[in-house]
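S.K.: File start.cif below, mmCIF, N, CA and C atoms and all ligand atoms:
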data_upload
loop_
_atom_site.label_atom_id
_atom_site.label_comp_id
_atom_site.auth_asym_id
_atom_site.auth_seq_id
_atom_site.Cartn_x
_atom_site.Cartn_y
_atom_site.Cartn_z
N MET Z 1 -4.10 -104.30 2.60
CA MET Z 1 -4.52 -105.32 3.56
C MET Z 1 -5.25 -104.67 4.74
N PHE Z 2 -6.39 -105.27 5.11
CA PHE Z 2 -7.15 -104.77 6.25
C PHE Z 2 -6.40 -105.17 7.51
N GLU Z 3 -6.07 -104.20 8.35
CA GLU Z 3 -5.29 -104.53 9.54
C GLU Z 3 -5.64 -103.62 10.71
N GLN Z 4 -5.04 -103.94 11.87
CA GLN Z 4 -5.24 -103.16 13.08
C GLN Z 4 -3.93 -102.53 13.51
N THR Z 5 -4.02 -101.38 14.16
CA THR Z 5 -2.83 -100.72 14.70
C THR Z 5 -3.16 -100.16 16.08
N LEU Z 6 -2.13 -99.91 16.88
CA LEU Z 6 -2.36 -99.27 18.17
C LEU Z 6 -2.02 -97.79 18.07
N SER Z 7 -2.98 -96.97 18.49
CA SER Z 7 -2.78 -95.53 18.60
C SER Z 7 -2.86 -95.18 20.08
N ILE Z 8 -2.06 -94.20 20.49
CA ILE Z 8 -2.21 -93.66 21.85
C ILE Z 8 -2.28 -92.14 21.77
N ILE Z 9 -3.29 -91.56 22.42
CA ILE Z 9 -3.25 -90.12 22.66
C ILE Z 9 -2.42 -89.97 23.94
N LYS Z 10 -1.27 -89.32 23.80
CA LYS Z 10 -0.30 -89.21 24.89
C LYS Z 10 -0.77 -88.18 25.94
N PRO Z 11 -0.08 -88.11 27.09
CA PRO Z 11 -0.54 -87.20 28.17
C PRO Z 11 -0.71 -85.74 27.73
N ASP Z 12 0.13 -85.28 26.81
CA ASP Z 12 -0.02 -83.88 26.36
C ASP Z 12 -1.31 -83.70 25.56
N GLY Z 13 -1.64 -84.67 24.73
CA GLY Z 13 -2.87 -84.60 23.92
C GLY Z 13 -4.12 -84.65 24.78
N VAL Z 14 -4.10 -85.52 25.81
CA VAL Z 14 -5.25 -85.62 26.71
C VAL Z 14 -5.39 -84.32 27.51
N ALA Z 15 -4.25 -83.80 28.04
CA ALA Z 15 -4.29 -82.59 28.86
C ALA Z 15 -4.76 -81.38 28.07
N LYS Z 16 -4.47 -81.37 26.76
CA LYS Z 16 -4.89 -80.23 25.92
C LYS Z 16 -6.30 -80.39 25.37
N ASN Z 17 -7.03 -81.42 25.85
CA ASN Z 17 -8.41 -81.66 25.39
C ASN Z 17 -8.49 -81.87 23.88
N LEU Z 18 -7.53 -82.60 23.35
CA LEU Z 18 -7.52 -82.86 21.90
C LEU Z 18 -8.14 -84.21 21.55
N THR Z 19 -8.62 -84.94 22.56
CA THR Z 19 -9.14 -86.30 22.32
C THR Z 19 -10.21 -86.32 21.23
N GLY Z 20 -11.19 -85.45 21.34
CA GLY Z 20 -12.29 -85.42 20.37
C GLY Z 20 -11.80 -85.12 18.96
N ASN Z 21 -10.95 -84.10 18.85
CA ASN Z 21 -10.41 -83.72 17.52
C ASN Z 21 -9.65 -84.87 16.89
N ILE Z 22 -8.84 -85.55 17.70
CA ILE Z 22 -8.00 -86.62 17.17
C ILE Z 22 -8.85 -87.81 16.73
N ILE Z 23 -9.82 -88.18 17.55
CA ILE Z 23 -10.70 -89.31 17.19
C ILE Z 23 -11.49 -88.95 15.93
N GLN Z 24 -11.95 -87.71 15.84
CA GLN Z 24 -12.69 -87.26 14.65
C GLN Z 24 -11.84 -87.42 13.39
N LEU Z 25 -10.58 -87.04 13.51
CA LEU Z 25 -9.65 -87.13 12.37
C LEU Z 25 -9.50 -88.60 11.93
N PHE Z 26 -9.36 -89.49 12.90
CA PHE Z 26 -9.26 -90.91 12.55
C PHE Z 26 -10.53 -91.39 11.86
N GLU Z 27 -11.69 -91.03 12.41
CA GLU Z 27 -12.95 -91.48 11.81
C GLU Z 27 -13.13 -90.87 10.42
N ASN Z 28 -12.74 -89.63 10.25
CA ASN Z 28 -12.84 -88.99 8.93
C ASN Z 28 -11.95 -89.68 7.90
N ASN Z 29 -10.91 -90.35 8.39
CA ASN Z 29 -9.98 -91.04 7.50
C ASN Z 29 -10.26 -92.55 7.41
N GLY Z 30 -11.49 -92.93 7.76
CA GLY Z 30 -11.91 -94.31 7.52
C GLY Z 30 -11.51 -95.32 8.57
N PHE Z 31 -10.99 -94.86 9.69
CA PHE Z 31 -10.64 -95.80 10.76
C PHE Z 31 -11.88 -96.12 11.60
N GLU Z 32 -11.96 -97.39 12.02
CA GLU Z 32 -12.97 -97.78 13.01
C GLU Z 32 -12.26 -97.98 14.35
N ILE Z 33 -12.85 -97.46 15.42
CA ILE Z 33 -12.29 -97.67 16.76
C ILE Z 33 -12.79 -99.01 17.28
N LYS Z 34 -11.88 -99.96 17.39
CA LYS Z 34 -12.24 -101.33 17.79
C LYS Z 34 -12.15 -101.50 19.31
N ALA Z 35 -11.37 -100.63 19.95
CA ALA Z 35 -11.21 -100.69 21.41
C ALA Z 35 -10.64 -99.36 21.87
N ILE Z 36 -11.00 -98.96 23.08
CA ILE Z 36 -10.49 -97.68 23.62
C ILE Z 36 -10.55 -97.71 25.15
N LYS Z 37 -9.57 -97.12 25.81
CA LYS Z 37 -9.63 -96.96 27.26
C LYS Z 37 -8.78 -95.77 27.68
N LYS Z 38 -8.94 -95.35 28.93
CA LYS Z 38 -8.16 -94.25 29.49
C LYS Z 38 -7.47 -94.77 30.75
N LEU Z 39 -6.19 -94.51 30.88
CA LEU Z 39 -5.46 -95.04 32.03
C LEU Z 39 -4.19 -94.21 32.26
N ILE Z 40 -3.58 -94.45 33.42
CA ILE Z 40 -2.28 -93.83 33.72
C ILE Z 40 -1.25 -94.94 33.85
N LEU Z 41 -0.19 -94.86 33.06
CA LEU Z 41 0.87 -95.87 33.10
C LEU Z 41 1.73 -95.70 34.35
N THR Z 42 2.19 -96.81 34.92
CA THR Z 42 3.25 -96.74 35.92
C THR Z 42 4.57 -96.61 35.16
N LYS Z 43 5.65 -96.26 35.87
CA LYS Z 43 6.98 -96.18 35.23
C LYS Z 43 7.34 -97.53 34.62
N LYS Z 44 7.07 -98.60 35.38
CA LYS Z 44 7.41 -99.94 34.88
C LYS Z 44 6.65 -100.28 33.61
N ASN Z 45 5.35 -99.94 33.58
CA ASN Z 45 4.54 -100.15 32.37
C ASN Z 45 5.15 -99.41 31.19
N ALA Z 46 5.48 -98.13 31.41
CA ALA Z 46 6.00 -97.30 30.32
C ALA Z 46 7.35 -97.82 29.84
N GLU Z 47 8.19 -98.26 30.77
CA GLU Z 47 9.49 -98.83 30.39
C GLU Z 47 9.31 -100.09 29.55
N SER Z 48 8.33 -100.91 29.92
CA SER Z 48 8.07 -102.14 29.14
C SER Z 48 7.54 -101.80 27.76
N PHE Z 49 6.60 -100.86 27.71
CA PHE Z 49 6.01 -100.51 26.42
C PHE Z 49 7.07 -99.99 25.46
N TYR Z 50 8.00 -99.19 25.96
CA TYR Z 50 9.03 -98.57 25.12
C TYR Z 50 10.39 -99.29 25.22
N TYR Z 51 10.37 -100.60 25.55
CA TYR Z 51 11.63 -101.32 25.77
C TYR Z 51 12.59 -101.22 24.58
N VAL Z 52 12.05 -101.09 23.36
CA VAL Z 52 12.95 -101.00 22.18
C VAL Z 52 13.83 -99.76 22.24
N HIS Z 53 13.41 -98.76 23.02
CA HIS Z 53 14.17 -97.51 23.11
C HIS Z 53 15.03 -97.43 24.37
N LYS Z 54 15.19 -98.54 25.11
CA LYS Z 54 15.80 -98.44 26.45
C LYS Z 54 17.24 -97.94 26.46
N GLU Z 55 17.96 -98.11 25.34
CA GLU Z 55 19.34 -97.62 25.28
C GLU Z 55 19.45 -96.16 24.78
N ARG Z 56 18.32 -95.59 24.37
CA ARG Z 56 18.36 -94.23 23.81
C ARG Z 56 18.55 -93.19 24.92
N PRO Z 57 19.22 -92.07 24.60
CA PRO Z 57 19.45 -91.02 25.62
C PRO Z 57 18.16 -90.41 26.15
N PHE Z 58 17.09 -90.45 25.36
CA PHE Z 58 15.84 -89.81 25.78
C PHE Z 58 14.90 -90.76 26.54
N PHE Z 59 15.37 -91.99 26.81
CA PHE Z 59 14.48 -93.01 27.39
C PHE Z 59 13.83 -92.58 28.72
N LYS Z 60 14.64 -92.08 29.66
CA LYS Z 60 14.10 -91.73 30.98
C LYS Z 60 13.09 -90.58 30.87
N SER Z 61 13.48 -89.60 30.06
CA SER Z 61 12.60 -88.45 29.84
C SER Z 61 11.28 -88.88 29.18
N LEU Z 62 11.38 -89.81 28.23
CA LEU Z 62 10.18 -90.32 27.55
C LEU Z 62 9.26 -91.04 28.56
N VAL Z 63 9.86 -91.85 29.44
CA VAL Z 63 9.08 -92.57 30.44
C VAL Z 63 8.42 -91.57 31.41
N ASP Z 64 9.16 -90.55 31.83
CA ASP Z 64 8.58 -89.51 32.70
C ASP Z 64 7.38 -88.84 32.01
N PHE Z 65 7.58 -88.48 30.76
CA PHE Z 65 6.50 -87.83 29.99
C PHE Z 65 5.27 -88.73 29.88
N MET Z 66 5.48 -89.98 29.54
CA MET Z 66 4.35 -90.89 29.29
C MET Z 66 3.60 -91.28 30.56
N THR Z 67 4.20 -90.95 31.74
CA THR Z 67 3.54 -91.27 33.01
C THR Z 67 3.05 -90.01 33.74
N GLU Z 68 3.14 -88.85 33.09
CA GLU Z 68 2.77 -87.61 33.79
C GLU Z 68 1.25 -87.40 33.89
N GLY Z 69 0.49 -88.16 33.15
CA GLY Z 69 -0.97 -88.02 33.18
C GLY Z 69 -1.63 -89.14 32.40
N ALA Z 70 -2.94 -89.03 32.27
CA ALA Z 70 -3.70 -90.09 31.59
C ALA Z 70 -3.35 -90.16 30.10
N ILE Z 71 -3.45 -91.37 29.58
CA ILE Z 71 -3.31 -91.60 28.13
C ILE Z 71 -4.55 -92.33 27.64
N ILE Z 72 -4.76 -92.29 26.32
CA ILE Z 72 -5.91 -92.99 25.73
C ILE Z 72 -5.42 -93.91 24.61
N PRO Z 73 -5.18 -95.19 24.95
CA PRO Z 73 -4.83 -96.15 23.91
C PRO Z 73 -6.09 -96.59 23.15
N MET Z 74 -5.91 -96.84 21.86
CA MET Z 74 -7.03 -97.27 21.01
C MET Z 74 -6.54 -98.29 20.00
N VAL Z 75 -7.39 -99.24 19.69
CA VAL Z 75 -7.12 -100.11 18.55
C VAL Z 75 -7.92 -99.55 17.37
N LEU Z 76 -7.21 -99.25 16.29
CA LEU Z 76 -7.84 -98.68 15.10
C LEU Z 76 -7.72 -99.69 13.96
N SER Z 77 -8.78 -99.77 13.14
CA SER Z 77 -8.67 -100.66 11.98
C SER Z 77 -9.14 -99.99 10.70
N ARG Z 78 -8.51 -100.38 9.61
CA ARG Z 78 -8.88 -100.00 8.25
C ARG Z 78 -7.88 -100.68 7.31
N GLU Z 79 -8.04 -100.45 6.01
CA GLU Z 79 -7.06 -100.88 5.02
C GLU Z 79 -5.72 -100.19 5.33
N ASN Z 80 -4.63 -100.93 5.34
CA ASN Z 80 -3.30 -100.36 5.61
C ASN Z 80 -3.26 -99.44 6.84
N ALA Z 81 -3.88 -99.91 7.91
CA ALA Z 81 -4.04 -99.08 9.11
C ALA Z 81 -2.70 -98.58 9.67
N ILE Z 82 -1.69 -99.42 9.66
CA ILE Z 82 -0.42 -99.06 10.31
C ILE Z 82 0.22 -97.87 9.58
N LEU Z 83 0.35 -98.01 8.27
CA LEU Z 83 0.98 -96.96 7.46
C LEU Z 83 0.12 -95.69 7.43
N LYS Z 84 -1.19 -95.88 7.27
CA LYS Z 84 -2.11 -94.74 7.17
C LYS Z 84 -2.11 -93.94 8.48
N ASN Z 85 -2.06 -94.65 9.60
CA ASN Z 85 -2.01 -93.95 10.90
C ASN Z 85 -0.72 -93.14 11.00
N ARG Z 86 0.41 -93.74 10.59
CA ARG Z 86 1.70 -93.03 10.65
C ARG Z 86 1.64 -91.76 9.79
N GLU Z 87 0.93 -91.88 8.66
CA GLU Z 87 0.79 -90.74 7.73
C GLU Z 87 -0.01 -89.61 8.39
N ILE Z 88 -1.10 -89.96 9.05
CA ILE Z 88 -1.98 -88.96 9.68
C ILE Z 88 -1.29 -88.32 10.89
N MET Z 89 -0.45 -89.13 11.61
CA MET Z 89 0.28 -88.61 12.76
C MET Z 89 1.33 -87.58 12.35
N GLY Z 90 2.05 -87.86 11.28
CA GLY Z 90 3.17 -87.01 10.84
C GLY Z 90 4.47 -87.46 11.47
N ALA Z 91 5.57 -86.85 11.04
CA ALA Z 91 6.91 -87.23 11.49
C ALA Z 91 7.05 -87.05 13.01
N THR Z 92 7.96 -87.82 13.60
CA THR Z 92 8.20 -87.79 15.05
C THR Z 92 8.45 -86.36 15.53
N ASN Z 93 9.31 -85.64 14.79
CA ASN Z 93 9.59 -84.24 15.13
C ASN Z 93 8.59 -83.34 14.40
N PRO Z 94 7.77 -82.59 15.15
CA PRO Z 94 6.75 -81.76 14.50
C PRO Z 94 7.34 -80.78 13.48
N LYS Z 95 8.62 -80.42 13.65
CA LYS Z 95 9.27 -79.51 12.68
C LYS Z 95 9.36 -80.15 11.30
N ASP Z 96 9.42 -81.50 11.27
CA ASP Z 96 9.53 -82.22 10.00
C ASP Z 96 8.18 -82.74 9.51
N ALA Z 97 7.13 -82.55 10.30
CA ALA Z 97 5.82 -83.15 9.97
C ALA Z 97 5.13 -82.34 8.87
N ALA Z 98 4.39 -83.07 8.01
CA ALA Z 98 3.67 -82.44 6.89
C ALA Z 98 2.47 -81.65 7.41
N GLU Z 99 2.09 -80.64 6.64
CA GLU Z 99 0.90 -79.83 6.94
C GLU Z 99 -0.32 -80.74 7.10
N GLY Z 100 -1.15 -80.42 8.09
CA GLY Z 100 -2.40 -81.17 8.27
C GLY Z 100 -2.26 -82.41 9.12
N THR Z 101 -1.02 -82.80 9.44
CA THR Z 101 -0.84 -83.98 10.31
C THR Z 101 -1.06 -83.59 11.77
N ILE Z 102 -1.36 -84.59 12.59
CA ILE Z 102 -1.64 -84.33 14.01
C ILE Z 102 -0.45 -83.66 14.69
N ARG Z 103 0.74 -84.18 14.42
CA ARG Z 103 1.92 -83.63 15.09
C ARG Z 103 2.24 -82.22 14.60
N LYS Z 104 2.03 -81.95 13.31
CA LYS Z 104 2.24 -80.59 12.79
C LYS Z 104 1.28 -79.61 13.46
N MET Z 105 0.02 -80.05 13.59
CA MET Z 105 -1.01 -79.15 14.12
C MET Z 105 -0.85 -78.92 15.62
N TYR Z 106 -0.47 -79.97 16.37
CA TYR Z 106 -0.60 -79.89 17.83
C TYR Z 106 0.66 -80.11 18.65
N ALA Z 107 1.72 -80.71 18.07
CA ALA Z 107 2.85 -81.11 18.92
C ALA Z 107 3.77 -79.94 19.25
N GLU Z 108 4.33 -80.00 20.48
CA GLU Z 108 5.24 -78.95 20.97
C GLU Z 108 6.68 -79.23 20.61
N SER Z 109 7.06 -80.52 20.60
CA SER Z 109 8.46 -80.90 20.47
C SER Z 109 8.57 -82.34 19.99
N ILE Z 110 9.81 -82.76 19.70
CA ILE Z 110 10.03 -84.14 19.26
C ILE Z 110 9.59 -85.14 20.33
N GLU Z 111 9.66 -84.75 21.60
CA GLU Z 111 9.22 -85.67 22.66
C GLU Z 111 7.72 -85.55 22.92
N ARG Z 112 7.26 -84.33 23.12
CA ARG Z 112 5.85 -84.10 23.44
C ARG Z 112 5.09 -83.95 22.13
N ASN Z 113 4.82 -85.13 21.53
CA ASN Z 113 4.29 -85.12 20.16
C ASN Z 113 2.91 -85.74 20.02
N ILE Z 114 2.12 -85.70 21.10
CA ILE Z 114 0.66 -85.89 21.07
C ILE Z 114 0.15 -87.33 20.85
N VAL Z 115 0.76 -88.03 19.90
CA VAL Z 115 0.24 -89.37 19.58
C VAL Z 115 1.36 -90.39 19.39
N HIS Z 116 0.99 -91.64 19.64
CA HIS Z 116 1.85 -92.78 19.31
C HIS Z 116 1.13 -93.60 18.25
N GLY Z 117 1.88 -94.26 17.38
CA GLY Z 117 1.29 -95.23 16.44
C GLY Z 117 2.27 -96.35 16.18
N SER Z 118 1.77 -97.58 16.13
CA SER Z 118 2.62 -98.74 15.83
C SER Z 118 3.32 -98.53 14.50
N ASP Z 119 4.56 -99.07 14.41
CA ASP Z 119 5.34 -98.85 13.17
C ASP Z 119 5.49 -100.09 12.29
N SER Z 120 4.94 -101.24 12.71
CA SER Z 120 5.05 -102.47 11.90
C SER Z 120 3.99 -103.46 12.40
N PRO Z 121 3.70 -104.50 11.61
CA PRO Z 121 2.74 -105.52 12.07
C PRO Z 121 3.20 -106.17 13.38
N GLU Z 122 4.50 -106.37 13.53
CA GLU Z 122 5.03 -107.00 14.76
C GLU Z 122 4.80 -106.09 15.96
N SER Z 123 5.12 -104.79 15.81
CA SER Z 123 4.92 -103.88 16.95
C SER Z 123 3.43 -103.69 17.22
N ALA Z 124 2.59 -103.68 16.18
CA ALA Z 124 1.14 -103.54 16.40
C ALA Z 124 0.62 -104.71 17.24
N LYS Z 125 1.08 -105.90 16.95
CA LYS Z 125 0.64 -107.09 17.68
C LYS Z 125 1.04 -106.98 19.16
N PHE Z 126 2.31 -106.64 19.39
CA PHE Z 126 2.81 -106.48 20.77
C PHE Z 126 2.05 -105.36 21.49
N GLU Z 127 1.90 -104.22 20.83
CA GLU Z 127 1.32 -103.04 21.49
C GLU Z 127 -0.18 -103.19 21.75
N ILE Z 128 -0.91 -103.83 20.83
CA ILE Z 128 -2.35 -104.07 21.06
C ILE Z 128 -2.53 -104.99 22.26
N SER Z 129 -1.73 -106.06 22.30
CA SER Z 129 -1.89 -107.02 23.41
C SER Z 129 -1.37 -106.45 24.73
N PHE Z 130 -0.52 -105.41 24.65
CA PHE Z 130 -0.04 -104.73 25.87
C PHE Z 130 -1.21 -104.07 26.60
N PHE Z 131 -2.14 -103.49 25.84
CA PHE Z 131 -3.23 -102.73 26.45
C PHE Z 131 -4.58 -103.45 26.49
N PHE Z 132 -4.82 -104.39 25.56
CA PHE Z 132 -6.17 -104.95 25.42
C PHE Z 132 -6.17 -106.47 25.39
N ASN Z 133 -7.18 -107.04 26.07
CA ASN Z 133 -7.47 -108.46 25.94
C ASN Z 133 -8.27 -108.67 24.65
N TYR Z 134 -8.26 -109.89 24.13
CA TYR Z 134 -8.96 -110.14 22.86
C TYR Z 134 -10.45 -109.82 22.97
N PHE Z 135 -11.04 -110.03 24.16
CA PHE Z 135 -12.49 -109.80 24.28
C PHE Z 135 -12.84 -108.33 24.45
N GLU Z 136 -11.82 -107.45 24.55
CA GLU Z 136 -12.08 -106.01 24.60
C GLU Z 136 -12.01 -105.37 23.21
N ILE Z 137 -11.62 -106.17 22.23
CA ILE Z 137 -11.48 -105.64 20.86
C ILE Z 137 -12.70 -106.09 20.06
N ILE Z 138 -13.52 -105.09 19.68
CA ILE Z 138 -14.82 -105.41 19.06
C ILE Z 138 -14.68 -105.55 17.56
P1 LIG F 201 7.56 -92.43 16.73
O1 LIG F 201 6.68 -92.14 17.93
O2 LIG F 201 7.37 -91.44 15.63
O3 LIG F 201 7.45 -93.87 16.26
P2 LIG F 201 10.12 -93.19 17.90
O4 LIG F 201 11.44 -93.01 17.25
O5 LIG F 201 9.57 -94.59 17.97
O6 LIG F 201 9.09 -92.20 17.21
O7 LIG F 201 10.25 -92.61 19.38
C1 LIG F 201 9.26 -92.88 20.36
C2 LIG F 201 8.94 -91.60 21.09
O8 LIG F 201 10.10 -91.16 21.81
C3 LIG F 201 8.60 -90.41 20.20
O9 LIG F 201 7.26 -90.40 19.76
C4 LIG F 201 8.91 -89.24 21.11
O10 LIG F 201 7.88 -89.04 22.08
C5 LIG F 201 10.17 -89.74 21.80
N1 LIG F 201 11.39 -89.33 21.10
C6 LIG F 201 11.88 -89.82 19.92
N2 LIG F 201 13.03 -89.24 19.57
C7 LIG F 201 13.30 -88.35 20.55
C8 LIG F 201 14.38 -87.41 20.78
O11 LIG F 201 15.33 -87.30 19.99
N3 LIG F 201 14.30 -86.65 21.91
C9 LIG F 201 13.27 -86.77 22.81
N4 LIG F 201 12.25 -87.63 22.64
C10 LIG F 201 12.26 -88.40 21.54
MG MG F 202 7.93 -95.63 17.26
#
Go through the file and emit its structure as structure tokens.
Ligand code: IDP
Ligand code: MG
M.R.:
Amino acid sequence: MFEQTLSIIKPDGVAKNLTGNIIQLFENNGFEIKAIKKLILTKKNAESFYYVHKERPFFKSLVDFMTEGAIIPMVLSRENAILKNREIMGATNPKDAAEGTIRKMYAESIERNIVHGSDSPESAKFEISFFFNYFEII
């Protein structure tokens, strides 16, 4: 099914100048960038975005990390975009990520793992609308 997903280059990825490499990888894998912007989240924004994790022990640390610098959210589309993006990103913990995945190549730790990707059609819908208005998605 042709679908859309939300990807974010997290503050560590932006700070390490990996934006170009990551976008290239998505384009090489058949994704079209339908929308893109650069911004800095407030703590409240980050807490809202990650509300599903609010009871987790790493929640505060995750919010601190996601607000330490600029991020680049993007709407990506292709066939099976949600699953395919998760595949290209690799496992949450870079130690478990497959060779050639973004997290295997670039991530420092389970927290500082370079990219975010929606994990279901429901989360993609919420996450895309969190960052983009309908008229910003081409
Ligand atoms: P995902 O990004 O692979 O979907 P989630 O379980 O949804 O992983 O967790 C959201 C984010 O929270 C992760 O990408 C990572 O930055 C952070 N995180 C997840 N698990 C841990 C942990 O055990 N310790 C610290 N940070 C974590
Ligand atoms: Mg997740």
S.K.: Would you give me, as JSON lines, each residue of chain Z having an atom within 7 Å of an atom of ligand MG 202 (chain F), along with its shortest atom pair and that distance in Å to one decimal, using all atoms listed in the file and sorting by chain and residue number?
M.R.:
{"residue": "Z:Gly117", "atom": "C", "partner": "F:MG202", "partner_atom": "MG", "distance": 5.8}
{"residue": "Z:Ser118", "atom": "C", "partner": "F:MG202", "partner_atom": "MG", "distance": 6.1}
{"residue": "Z:Asp119", "atom": "N", "partner": "F:MG202", "partner_atom": "MG", "distance": 5.6}
S.K.: Which residue is closest to ligand LIG 201 (chain F)? Choose from Z:Asn17, Z:Asn85, Z:Asn28, Z:Ser61 and count only C-alpha atoms and all ligand atoms.
M.R.: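 Residue with the minimum atom-to-atom distance to ligand LIG 201 (chain F): Z:Ser61.
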S.K.: Could the centre and edge lengths of an axis-aligned box, enclosing all atoms of region 8-20 of chain Z in the file with 8 Å extra on each side, be given in Å to one decimal as JSON?
M.R.:
{"center_x": -6.1, "center_y": -87.2, "center_z": 23.9, "size_x": 28.4, "size_y": 30.0, "size_z": 25.9}
S.K.: Please identify the residues whose atoms come within 10 Å of ligand LIG 201 (chain F), using only C-alpha atoms and all ligand atoms, and report them as a ChimeraX atom specification.
M.R.: /Z:8,10,50,52-53,56-63,65-66,86,89-94,103,107,109-120
S.K.: Z:Phe126, Z:Lys104, Z:Leu41, Z:Glu136: which is nearest Ile71 (chain Z), counting only C-alpha atoms?
M.R.: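 Going through Z:Phe126, Z:Lys104, Z:Leu41, Z:Glu136 one by one, the smallest distance to Ile71 (chain Z) is for Z:Leu41.
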